[in-house]
>>> print(open('final.pdb').read())   # PDB, C-alpha atoms
ATOM      1  CA  MET H   1     -12.386   2.495  29.639  1.00  0.00           C
ATOM      2  CA  GLU H   2     -14.352   3.484  26.532  1.00  0.00           C
ATOM      3  CA  PRO H   3     -16.170   6.838  26.881  1.00  0.00           C
ATOM      4  CA  GLN H   4     -19.940   6.620  27.252  1.00  0.00           C
ATOM      5  CA  LEU H   5     -21.585   8.049  24.141  1.00  0.00           C
ATOM      6  CA  VAL H   6     -24.862   9.973  24.253  1.00  0.00           C
ATOM      7  CA  LYS H   7     -27.151   7.890  22.039  1.00  0.00           C
ATOM      8  CA  SER H   8     -29.045  10.727  20.342  1.00  0.00           C
ATOM      9  CA  ALA H   9     -25.840  12.658  19.610  1.00  0.00           C
ATOM     10  CA  GLU H  10     -24.118   9.561  18.253  1.00  0.00           C
ATOM     11  CA  ARG H  11     -27.080   8.751  16.013  1.00  0.00           C
ATOM     12  CA  THR H  12     -27.189  12.319  14.696  1.00  0.00           C
ATOM     13  CA  ILE H  13     -23.519  12.189  13.725  1.00  0.00           C
ATOM     14  CA  ARG H  14     -23.900   8.739  12.119  1.00  0.00           C
ATOM     15  CA  ILE H  15     -26.822  10.005  10.034  1.00  0.00           C
ATOM     16  CA  LEU H  16     -24.811  12.978   8.786  1.00  0.00           C
ATOM     17  CA  GLU H  17     -21.801  10.779   8.024  1.00  0.00           C
ATOM     18  CA  THR H  18     -23.996   8.317   6.125  1.00  0.00           C
ATOM     19  CA  LEU H  19     -25.539  11.069   4.033  1.00  0.00           C
ATOM     20  CA  ALA H  20     -22.135  12.638   3.381  1.00  0.00           C
ATOM     21  CA  ALA H  21     -20.723   9.308   2.198  1.00  0.00           C
ATOM     22  CA  SER H  22     -23.540   8.785  -0.316  1.00  0.00           C
ATOM     23  CA  HIS H  23     -23.291  10.115  -3.864  1.00  0.00           C
ATOM     24  CA  ARG H  24     -27.076  10.595  -3.976  1.00  0.00           C
ATOM     25  CA  ASN H  25     -29.927  11.450  -1.648  1.00  0.00           C
ATOM     26  CA  LEU H  26     -31.243   8.572   0.452  1.00  0.00           C
ATOM     27  CA  SER H  27     -34.769   7.603   1.400  1.00  0.00           C
ATOM     28  CA  LEU H  28     -35.718   7.052   5.026  1.00  0.00           C
ATOM     29  CA  SER H  29     -35.775   3.283   4.395  1.00  0.00           C
ATOM     30  CA  GLU H  30     -32.264   3.387   2.931  1.00  0.00           C
ATOM     31  CA  LEU H  31     -31.026   5.406   5.893  1.00  0.00           C
ATOM     32  CA  GLN H  32     -32.591   2.929   8.280  1.00  0.00           C
ATOM     33  CA  GLN H  33     -30.954   0.046   6.435  1.00  0.00           C
ATOM     34  CA  ARG H  34     -27.529   1.700   6.445  1.00  0.00           C
ATOM     35  CA  THR H  35     -27.589   2.933  10.042  1.00  0.00           C
ATOM     36  CA  GLY H  36     -29.661   0.216  11.721  1.00  0.00           C
ATOM     37  CA  PHE H  37     -31.524   2.811  13.774  1.00  0.00           C
ATOM     38  CA  PRO H  38     -35.209   2.305  14.740  1.00  0.00           C
ATOM     39  CA  ARG H  39     -37.546   3.990  12.261  1.00  0.00           C
ATOM     40  CA  SER H  40     -39.359   5.984  14.955  1.00  0.00           C
ATOM     41  CA  SER H  41     -36.218   7.637  16.355  1.00  0.00           C
ATOM     42  CA  LEU H  42     -34.743   8.060  12.873  1.00  0.00           C
ATOM     43  CA  HIS H  43     -37.867   9.876  11.693  1.00  0.00           C
ATOM     44  CA  ALA H  44     -37.735  12.288  14.641  1.00  0.00           C
ATOM     45  CA  LEU H  45     -34.018  12.993  14.159  1.00  0.00           C
ATOM     46  CA  MET H  46     -34.477  13.636  10.437  1.00  0.00           C
ATOM     47  CA  ARG H  47     -37.320  16.073  11.091  1.00  0.00           C
ATOM     48  CA  THR H  48     -35.093  18.030  13.490  1.00  0.00           C
ATOM     49  CA  LEU H  49     -32.090  18.007  11.134  1.00  0.00           C
ATOM     50  CA  VAL H  50     -34.233  19.248   8.259  1.00  0.00           C
ATOM     51  CA  GLU H  51     -35.667  22.075  10.357  1.00  0.00           C
ATOM     52  CA  LEU H  52     -32.140  23.132  11.394  1.00  0.00           C
ATOM     53  CA  LYS H  53     -30.931  22.901   7.757  1.00  0.00           C
ATOM     54  CA  TRP H  54     -28.279  20.272   8.463  1.00  0.00           C
ATOM     55  CA  VAL H  55     -30.239  18.004   6.129  1.00  0.00           C
ATOM     56  CA  GLU H  56     -32.274  18.971   3.083  1.00  0.00           C
ATOM     57  CA  THR H  57     -35.148  17.087   1.468  1.00  0.00           C
ATOM     58  CA  ASP H  58     -37.715  17.361  -1.290  1.00  0.00           C
ATOM     59  CA  GLY H  59     -41.283  18.515  -0.795  1.00  0.00           C
ATOM     60  CA  ALA H  60     -42.543  15.008  -0.119  1.00  0.00           C
ATOM     61  CA  ARG H  61     -39.631  14.234   2.208  1.00  0.00           C
ATOM     62  CA  SER H  62     -38.987  11.079   0.213  1.00  0.00           C
ATOM     63  CA  ALA H  63     -35.191  11.536   0.006  1.00  0.00           C
ATOM     64  CA  PHE H  64     -32.596  13.281   2.151  1.00  0.00           C
ATOM     65  CA  GLY H  65     -29.142  14.772   1.613  1.00  0.00           C
ATOM     66  CA  ILE H  66     -26.616  16.935   3.417  1.00  0.00           C
ATOM     67  CA  GLY H  67     -27.906  20.475   3.999  1.00  0.00           C
ATOM     68  CA  PRO H  68     -26.193  23.873   3.764  1.00  0.00           C
ATOM     69  CA  HIS H  69     -25.436  24.253   7.475  1.00  0.00           C
ATOM     70  CA  ALA H  70     -23.169  21.200   7.328  1.00  0.00           C
ATOM     71  CA  LEU H  71     -20.955  23.229   4.987  1.00  0.00           C
ATOM     72  CA  LEU H  72     -20.595  25.967   7.611  1.00  0.00           C
ATOM     73  CA  THR H  73     -18.977  23.549  10.043  1.00  0.00           C
ATOM     74  CA  GLY H  74     -16.580  22.156   7.453  1.00  0.00           C
ATOM     75  CA  THR H  75     -15.562  25.623   6.333  1.00  0.00           C
ATOM     76  CA  ALA H  76     -14.972  26.688   9.935  1.00  0.00           C
ATOM     77  CA  TYR H  77     -12.596  23.733  10.422  1.00  0.00           C
ATOM     78  CA  LEU H  78     -10.561  24.817   7.394  1.00  0.00           C
ATOM     79  CA  ASP H  79     -10.619  28.492   8.401  1.00  0.00           C
ATOM     80  CA  LYS H  80      -9.164  27.829  11.857  1.00  0.00           C
ATOM     81  CA  ASP H  81      -6.407  25.430  10.815  1.00  0.00           C
ATOM     82  CA  PRO H  82      -3.098  27.307  11.241  1.00  0.00           C
ATOM     83  CA  ALA H  83      -1.137  24.962   8.949  1.00  0.00           C
ATOM     84  CA  LEU H  84      -3.504  25.255   5.995  1.00  0.00           C
ATOM     85  CA  PRO H  85      -2.463  28.693   4.620  1.00  0.00           C
ATOM     86  CA  PHE H  86       1.163  27.541   4.487  1.00  0.00           C
ATOM     87  CA  ALA H  87       0.125  24.245   2.898  1.00  0.00           C
ATOM     88  CA  GLN H  88      -1.903  26.061   0.245  1.00  0.00           C
ATOM     89  CA  GLU H  89       1.145  28.149  -0.699  1.00  0.00           C
ATOM     90  CA  THR H  90       3.178  24.954  -0.963  1.00  0.00           C
ATOM     91  CA  LEU H  91       0.573  23.359  -3.227  1.00  0.00           C
ATOM     92  CA  GLU H  92       0.663  26.382  -5.524  1.00  0.00           C
ATOM     93  CA  ASP H  93       4.461  26.163  -5.793  1.00  0.00           C
ATOM     94  CA  LEU H  94       4.420  22.388  -6.282  1.00  0.00           C
ATOM     95  CA  ARG H  95       1.769  22.556  -8.994  1.00  0.00           C
ATOM     96  CA  ALA H  96       3.740  25.290 -10.749  1.00  0.00           C
ATOM     97  CA  GLU H  97       6.862  23.105 -10.769  1.00  0.00           C
ATOM     98  CA  THR H  98       5.270  19.773 -11.699  1.00  0.00           C
ATOM     99  CA  GLY H  99       2.249  20.914 -13.715  1.00  0.00           C
ATOM    100  CA  ARG H 100       0.220  18.210 -11.986  1.00  0.00           C
ATOM    101  CA  THR H 101      -2.616  17.909  -9.466  1.00  0.00           C
ATOM    102  CA  VAL H 102      -1.477  18.134  -5.839  1.00  0.00           C
ATOM    103  CA  HIS H 103      -3.188  17.468  -2.512  1.00  0.00           C
ATOM    104  CA  PHE H 104      -2.802  18.195   1.203  1.00  0.00           C
ATOM    105  CA  ALA H 105      -4.531  15.737   3.534  1.00  0.00           C
ATOM    106  CA  ARG H 106      -4.730  14.718   7.191  1.00  0.00           C
ATOM    107  CA  ARG H 107      -5.096  11.234   8.634  1.00  0.00           C
ATOM    108  CA  ASP H 108      -8.448  10.623  10.308  1.00  0.00           C
ATOM    109  CA  GLU H 109      -8.065   7.263  12.051  1.00  0.00           C
ATOM    110  CA  ALA H 110      -8.004   4.706   9.190  1.00  0.00           C
ATOM    111  CA  HIS H 111      -8.806   7.320   6.520  1.00  0.00           C
ATOM    112  CA  VAL H 112      -7.309  10.433   4.994  1.00  0.00           C
ATOM    113  CA  LEU H 113      -9.300  13.652   4.839  1.00  0.00           C
ATOM    114  CA  TYR H 114      -8.491  16.006   1.957  1.00  0.00           C
ATOM    115  CA  LEU H 115      -8.062  19.600   3.183  1.00  0.00           C
ATOM    116  CA  ALA H 116      -6.709  21.325   0.056  1.00  0.00           C
ATOM    117  CA  THR H 117      -6.230  20.536  -3.632  1.00  0.00           C
ATOM    118  CA  ARG H 118      -4.763  22.320  -6.620  1.00  0.00           C
ATOM    119  CA  GLU H 119      -5.804  20.780  -9.916  1.00  0.00           C
ATOM    120  CA  ALA H 120      -3.474  20.599 -12.898  1.00  0.00           C
ATOM    121  CA  ARG H 121      -4.215  23.525 -15.187  1.00  0.00           C
ATOM    122  CA  ASP H 122      -4.973  21.193 -18.085  1.00  0.00           C
ATOM    123  CA  ALA H 123      -7.227  18.878 -16.039  1.00  0.00           C
ATOM    124  CA  HIS H 124     -10.291  17.937 -18.086  1.00  0.00           C
ATOM    125  CA  HIS H 125     -12.304  15.975 -15.523  1.00  0.00           C
ATOM    126  CA  VAL H 126     -12.024  17.717 -12.148  1.00  0.00           C
ATOM    127  CA  ILE H 127     -13.239  15.638  -9.199  1.00  0.00           C
ATOM    128  CA  PRO H 128     -13.725  17.782  -6.070  1.00  0.00           C
ATOM    129  CA  ARG H 129     -11.443  16.443  -3.349  1.00  0.00           C
ATOM    130  CA  VAL H 130     -11.663  18.876  -0.423  1.00  0.00           C
ATOM    131  CA  GLY H 131     -13.722  17.241   2.296  1.00  0.00           C
ATOM    132  CA  ARG H 132     -13.441  13.771   0.767  1.00  0.00           C
ATOM    133  CA  ARG H 133     -12.451  10.955   3.085  1.00  0.00           C
ATOM    134  CA  LEU H 134     -10.730   7.896   1.603  1.00  0.00           C
ATOM    135  CA  PRO H 135      -9.283   4.696   3.105  1.00  0.00           C
ATOM    136  CA  ALA H 136      -5.666   5.349   4.085  1.00  0.00           C
ATOM    137  CA  HIS H 137      -4.306   1.995   2.928  1.00  0.00           C
ATOM    138  CA  VAL H 138      -5.200   2.555  -0.759  1.00  0.00           C
ATOM    139  CA  THR H 139      -3.764   6.080  -1.098  1.00  0.00           C
ATOM    140  CA  ALA H 140      -0.166   7.284  -1.184  1.00  0.00           C
ATOM    141  CA  LEU H 141      -1.161   9.993   1.299  1.00  0.00           C
ATOM    142  CA  GLY H 142      -2.494   7.391   3.699  1.00  0.00           C
ATOM    143  CA  GLN H 143       0.457   5.034   3.292  1.00  0.00           C
ATOM    144  CA  ALA H 144       2.885   7.893   3.985  1.00  0.00           C
ATOM    145  CA  LEU H 145       1.024   8.580   7.236  1.00  0.00           C
ATOM    146  CA  LEU H 146       0.450   4.957   8.249  1.00  0.00           C
ATOM    147  CA  ALA H 147       4.220   4.487   7.931  1.00  0.00           C
ATOM    148  CA  GLN H 148       4.559   6.926  10.835  1.00  0.00           C
ATOM    149  CA  LEU H 149       2.994   4.286  13.095  1.00  0.00           C
ATOM    150  CA  THR H 150       4.251   0.917  14.306  1.00  0.00           C
ATOM    151  CA  ASP H 151       3.024  -2.270  12.631  1.00  0.00           C
ATOM    152  CA  ASP H 152       0.952  -3.086  15.729  1.00  0.00           C
ATOM    153  CA  GLU H 153      -0.648   0.370  15.672  1.00  0.00           C
ATOM    154  CA  VAL H 154      -1.477  -0.019  11.976  1.00  0.00           C
ATOM    155  CA  GLU H 155      -3.039  -3.433  12.513  1.00  0.00           C
ATOM    156  CA  ALA H 156      -5.169  -2.138  15.396  1.00  0.00           C
ATOM    157  CA  LEU H 157      -6.271   0.854  13.346  1.00  0.00           C
ATOM    158  CA  LEU H 158      -7.279  -0.719  10.040  1.00  0.00           C
ATOM    159  CA  PRO H 159     -10.493  -2.666   9.379  1.00  0.00           C
ATOM    160  CA  ASP H 160     -10.417  -6.437   9.009  1.00  0.00           C
ATOM    161  CA  PRO H 161     -10.740  -7.492   6.262  1.00  0.00           C
ATOM    162  CA  LEU H 162      -9.128  -4.816   4.115  1.00  0.00           C
ATOM    163  CA  THR H 163     -10.990  -3.912   0.945  1.00  0.00           C
ATOM    164  CA  GLY H 164     -10.094  -1.717  -1.995  1.00  0.00           C
ATOM    165  CA  PRO H 165     -11.717  -0.035  -4.998  1.00  0.00           C
ATOM    166  CA  THR H 166      -9.436  -1.518  -7.689  1.00  0.00           C
ATOM    167  CA  GLU H 167      -7.744  -4.804  -8.486  1.00  0.00           C
ATOM    168  CA  HIS H 168      -4.412  -3.184  -7.580  1.00  0.00           C
ATOM    169  CA  SER H 169      -5.509  -2.165  -4.062  1.00  0.00           C
ATOM    170  CA  ILE H 170      -3.540  -3.760  -1.226  1.00  0.00           C
ATOM    171  CA  THR H 171      -6.011  -5.887   0.736  1.00  0.00           C
ATOM    172  CA  ASP H 172      -3.512  -8.165   2.474  1.00  0.00           C
ATOM    173  CA  LEU H 173      -2.153  -6.872   5.801  1.00  0.00           C
ATOM    174  CA  ALA H 174       1.222  -8.605   5.410  1.00  0.00           C
ATOM    175  CA  LYS H 175       1.704  -7.046   1.975  1.00  0.00           C
ATOM    176  CA  LEU H 176       0.702  -3.643   3.319  1.00  0.00           C
ATOM    177  CA  THR H 177       3.142  -3.987   6.205  1.00  0.00           C
ATOM    178  CA  GLY H 178       5.921  -4.728   3.711  1.00  0.00           C
ATOM    179  CA  GLU H 179       4.963  -1.679   1.666  1.00  0.00           C
ATOM    180  CA  LEU H 180       5.004   0.543   4.759  1.00  0.00           C
ATOM    181  CA  ASP H 181       8.495  -0.725   5.599  1.00  0.00           C
ATOM    182  CA  GLN H 182       9.629   0.485   2.167  1.00  0.00           C
ATOM    183  CA  VAL H 183       7.962   3.854   2.766  1.00  0.00           C
ATOM    184  CA  ARG H 184       9.863   4.253   6.048  1.00  0.00           C
ATOM    185  CA  THR H 185      13.145   3.362   4.375  1.00  0.00           C
ATOM    186  CA  ARG H 186      12.902   5.671   1.356  1.00  0.00           C
ATOM    187  CA  GLY H 187      10.884   8.475   2.980  1.00  0.00           C
ATOM    188  CA  TRP H 188       8.003   8.630   0.498  1.00  0.00           C
ATOM    189  CA  ALA H 189       5.016   6.561  -0.601  1.00  0.00           C
ATOM    190  CA  TYR H 190       4.076   5.565  -4.132  1.00  0.00           C
ATOM    191  CA  GLU H 191       0.916   3.860  -5.290  1.00  0.00           C
ATOM    192  CA  ARG H 192      -0.090   2.939  -8.814  1.00  0.00           C
ATOM    193  CA  GLU H 193      -3.799   2.450  -9.544  1.00  0.00           C
ATOM    194  CA  GLN H 194      -4.546   1.326  -5.980  1.00  0.00           C
ATOM    195  CA  GLY H 195      -7.141   4.041  -5.448  1.00  0.00           C
ATOM    196  CA  THR H 196      -8.137   5.055  -8.978  1.00  0.00           C
ATOM    197  CA  PRO H 197      -7.632   3.181 -12.267  1.00  0.00           C
ATOM    198  CA  GLY H 198      -5.109   4.900 -14.516  1.00  0.00           C
ATOM    199  CA  VAL H 199      -3.737   7.138 -11.784  1.00  0.00           C
ATOM    200  CA  ALA H 200      -0.476   6.942  -9.819  1.00  0.00           C
ATOM    201  CA  CYS H 201       0.438   9.068  -6.831  1.00  0.00           C
ATOM    202  CA  VAL H 202       3.515   9.925  -4.771  1.00  0.00           C
ATOM    203  CA  ALA H 203       3.240  11.339  -1.235  1.00  0.00           C
ATOM    204  CA  VAL H 204       5.458  12.591   1.582  1.00  0.00           C
ATOM    205  CA  ALA H 205       4.510  13.146   5.226  1.00  0.00           C
ATOM    206  CA  VAL H 206       4.789  16.717   6.525  1.00  0.00           C
ATOM    207  CA  ASP H 207       7.114  16.188   9.456  1.00  0.00           C
ATOM    208  CA  TYR H 208       6.078  18.911  11.901  1.00  0.00           C
ATOM    209  CA  ARG H 209       4.201  16.690  14.354  1.00  0.00           C
ATOM    210  CA  ILE H 210       5.216  13.379  15.927  1.00  0.00           C
ATOM    211  CA  PRO H 211       3.834  11.201  14.507  1.00  0.00           C
ATOM    212  CA  ALA H 212       3.062  13.195  11.368  1.00  0.00           C
ATOM    213  CA  THR H 213      -0.656  13.740  10.771  1.00  0.00           C
ATOM    214  CA  ASP H 214      -0.493  15.503   7.397  1.00  0.00           C
ATOM    215  CA  ALA H 215       0.941  14.684   3.984  1.00  0.00           C
ATOM    216  CA  ILE H 216       1.281  16.159   0.520  1.00  0.00           C
ATOM    217  CA  SER H 217       0.838  14.190  -2.694  1.00  0.00           C
ATOM    218  CA  CYS H 218       1.031  14.617  -6.441  1.00  0.00           C
ATOM    219  CA  SER H 219      -1.194  12.650  -8.824  1.00  0.00           C
ATOM    220  CA  MET H 220      -0.130  11.638 -12.332  1.00  0.00           C
ATOM    221  CA  PRO H 221      -1.064   9.210 -15.104  1.00  0.00           C
ATOM    222  CA  ALA H 222      -0.012   5.663 -14.249  1.00  0.00           C
ATOM    223  CA  GLY H 223       1.943   5.141 -17.463  1.00  0.00           C
ATOM    224  CA  LEU H 224       4.541   7.903 -17.094  1.00  0.00           C
ATOM    225  CA  PRO H 225       8.215   7.006 -17.708  1.00  0.00           C
ATOM    226  CA  PRO H 226      10.399   6.446 -14.615  1.00  0.00           C
ATOM    227  CA  ALA H 227      12.365   9.652 -15.216  1.00  0.00           C
ATOM    228  CA  GLU H 228       9.196  11.757 -14.970  1.00  0.00           C
ATOM    229  CA  VAL H 229       8.032   9.917 -11.845  1.00  0.00           C
ATOM    230  CA  GLU H 230      11.447  10.599 -10.292  1.00  0.00           C
ATOM    231  CA  ARG H 231      11.223  14.294 -11.202  1.00  0.00           C
ATOM    232  CA  VAL H 232       7.810  14.588  -9.583  1.00  0.00           C
ATOM    233  CA  THR H 233       8.938  12.614  -6.528  1.00  0.00           C
ATOM    234  CA  GLN H 234      11.909  14.891  -5.903  1.00  0.00           C
ATOM    235  CA  ALA H 235       9.679  17.939  -6.259  1.00  0.00           C
ATOM    236  CA  VAL H 236       7.194  16.580  -3.703  1.00  0.00           C
ATOM    237  CA  ILE H 237      10.006  15.722  -1.289  1.00  0.00           C
ATOM    238  CA  GLY H 238      11.607  19.154  -1.596  1.00  0.00           C
ATOM    239  CA  HIS H 239       8.444  21.207  -1.195  1.00  0.00           C
ATOM    240  CA  THR H 240       7.088  19.038   1.626  1.00  0.00           C
ATOM    241  CA  HIS H 241      10.312  19.231   3.646  1.00  0.00           C
ATOM    242  CA  LYS H 242      10.331  22.997   3.133  1.00  0.00           C
ATOM    243  CA  LEU H 243       6.742  23.220   4.394  1.00  0.00           C
ATOM    244  CA  ALA H 244       7.559  21.143   7.483  1.00  0.00           C
ATOM    245  CA  ALA H 245      10.507  23.417   8.302  1.00  0.00           C
ATOM    246  CA  THR H 246       8.282  26.488   7.926  1.00  0.00           C
ATOM    247  CA  LEU H 247       5.586  25.054  10.209  1.00  0.00           C
ATOM    248  CA  ARG H 248       8.138  24.145  12.872  1.00  0.00           C
ATOM    249  CA  ARG H 249       9.696  27.617  12.651  1.00  0.00           C
ATOM    250  CA  GLU H 250       6.252  29.202  13.040  1.00  0.00           C
ATOM    251  CA  GLY H 251       5.594  27.074  16.118  1.00  0.00           C
ATOM    252  CA  ILE H 252       2.572  25.340  14.595  1.00  0.00           C
ATOM    253  CA  ARG H 253       1.787  22.012  16.182  1.00  0.00           C
TER
END
>>> encode(input="final.pdb", output="structure tokens")
Amino acid sequence: MEPQLVKSAERTIRILETLAASHRNLSLSELQQRTGFPRSSLHALMRTLVELKWVETDGARSAFGIGPHALLTGTAYLDKDPALPFAQETLEDLRAETGRTVHFARRDEAHVLYLATREARDAHHVIPRVGRRLPAHVTALGQALLAQLTDDEVEALLPDPLTGPTEHSITDLAKLTGELDQVRTRGWAYEREQGTPGVACVAVAVDYRIPATDAISCSMPAGLPPAEVERVTQAVIGHTHKLAATLRREGIR
């Protein structure tokens, strides 16, 4: 039986998620259109969220965005995660070996949530990743974690239809299932321009939970020679397996 949700609490969370997913502040009309909530209840909720600093707005209250107190909650989640300090050390070591941008993320239903990132030292255009939530099926991180599930579990989890941000994104379930079979066989995921044009990524699940919830990835230009991709892949595999062994030894679950 599905749990009964408290309507006001659910609407509050949906509002915050909608604002967080937007790259710009939204007007009340835009929020109403995106959430489908009645204008009267939406107006009252927004007034409360602004007063409590979970949402911020301009003087005329014509547009709304995430407020500073939302950051406190996100930071608290990172601060209490026992695996994160070990993962951050691993990212430092992996970046030092590969010279490339590396990520640590956790599966959140049909998405991956970025918990830590170390940018390549020569990165010119840094896109903040921590706290970002991306569709699992278009990222190497997500594919590495979806491969931990059965095909039936993956089908039940993912949206129908599948969509993707680039022409290389996998939007066919049968093709995705075939790709996940390859990930299970070789032990790592590789995607080329499925999430971002010009970027390829290799990822390995951190095997300290069953099924694994976390993964580490390394991003690189899509046109690198196979020998360099292999070098990066082996580095990600080695450091990720070492992290998993450390987490198991420390009793972190």
>>> closest_residue(input="final.pdb", among="H:Asn25, H:Gln143, H:Thr233, H:Ser217", to="Leu91 in chain H", atoms="all atoms listed in the file")
H:Ser217
>>> resolve_selection(input="final.pdb", expression="the PyMOL selection byres ((chain H and resi 46) around 12)", output="VMD selection string")
chain H and resid 8 11 to 16 19 26 to 28 31 to 32 37 39 to 45 47 to 57 61 to 67
>>> resolve_selection(input="final.pdb", expression="the PyMOL selection byres ((chain H and resi 186-201) around 7)", output="ChimeraX atom specification")
/H:138-140,143-144,165-166,168-169,182-185,202-204,217-222
>>> closest_residue(input="final.pdb", among="H:His69, H:His137, H:His241, H:Arg132", to="Ala215 in chain H", atoms="all atoms listed in the file")
H:His241
>>> atom_distance(input="final.pdb", atom1="CA of Ala60 in chain H", atom2="CA of Thr35 in chain H")
21.7 Å
>>> resolve_selection(input="final.pdb", expression="the PyMOL selection byres ((chain H and resi 155) around 12)", output="PyMOL selection string")
chain H and resi 109-110+137+146-147+149-154+156-162+172-174+176-177+180
>>> write_last_selection(input="final.pdb", atoms="C-alpha atoms", output="PDB file, in the coordinates of the input")
ATOM      1  CA  GLU H 109      -8.065   7.263  12.051  1.00  0.00           C
ATOM      2  CA  ALA H 110      -8.004   4.706   9.190  1.00  0.00           C
ATOM      3  CA  HIS H 137      -4.306   1.995   2.928  1.00  0.00           C
ATOM      4  CA  LEU H 146       0.450   4.957   8.249  1.00  0.00           C
ATOM      5  CA  ALA H 147       4.220   4.487   7.931  1.00  0.00           C
ATOM      6  CA  LEU H 149       2.994   4.286  13.095  1.00  0.00           C
ATOM      7  CA  THR H 150       4.251   0.917  14.306  1.00  0.00           C
ATOM      8  CA  ASP H 151       3.024  -2.270  12.631  1.00  0.00           C
ATOM      9  CA  ASP H 152       0.952  -3.086  15.729  1.00  0.00           C
ATOM     10  CA  GLU H 153      -0.648   0.370  15.672  1.00  0.00           C
ATOM     11  CA  VAL H 154      -1.477  -0.019  11.976  1.00  0.00           C
ATOM     12  CA  ALA H 156      -5.169  -2.138  15.396  1.00  0.00           C
ATOM     13  CA  LEU H 157      -6.271   0.854  13.346  1.00  0.00           C
ATOM     14  CA  LEU H 158      -7.279  -0.719  10.040  1.00  0.00           C
ATOM     15  CA  PRO H 159     -10.493  -2.666   9.379  1.00  0.00           C
ATOM     16  CA  ASP H 160     -10.417  -6.437   9.009  1.00  0.00           C
ATOM     17  CA  PRO H 161     -10.740  -7.492   6.262  1.00  0.00           C
ATOM     18  CA  LEU H 162      -9.128  -4.816   4.115  1.00  0.00           C
ATOM     19  CA  ASP H 172      -3.512  -8.165   2.474  1.00  0.00           C
ATOM     20  CA  LEU H 173      -2.153  -6.872   5.801  1.00  0.00           C
ATOM     21  CA  ALA H 174       1.222  -8.605   5.410  1.00  0.00           C
ATOM     22  CA  LEU H 176       0.702  -3.643   3.319  1.00  0.00           C
ATOM     23  CA  THR H 177       3.142  -3.987   6.205  1.00  0.00           C
ATOM     24  CA  LEU H 180       5.004   0.543   4.759  1.00  0.00           C
TER      25      LEU H 180
END
>>> closest_residue(input="final.pdb", among="H:Val232, H:Ile237, H:Ala245, H:Ala70", to="Asp207 in chain H", atoms="only C-alpha atoms")
H:Ala245
>>> closest_residue(input="final.pdb", among="H:Pro85, H:Gly36, H:Gly99, H:Gly142", to="His111 in chain H", atoms="only C-alpha atoms")
H:Gly142
>>> closest_residue(input="final.pdb", among="H:Leu5, H:Ala205, H:Ile216, H:Leu72", to="Leu115 in chain H", atoms="all atoms listed in the file")
H:Ile216
>>> closest_residue(input="final.pdb", among="H:Arg253, H:Arg95, H:Arg133, H:Arg121", to="Arg107 in chain H", atoms="all atoms listed in the file")
H:Arg133
>>> atom_distance(input="final.pdb", atom1="CA of Ala235 in chain H", atom2="CA of Asp79 in chain H")
27.2 Å
>>> atom_distance(input="final.pdb", atom1="CA of Ala83 in chain H", atom2="CA of Glu179 in chain H")
28.3 Å
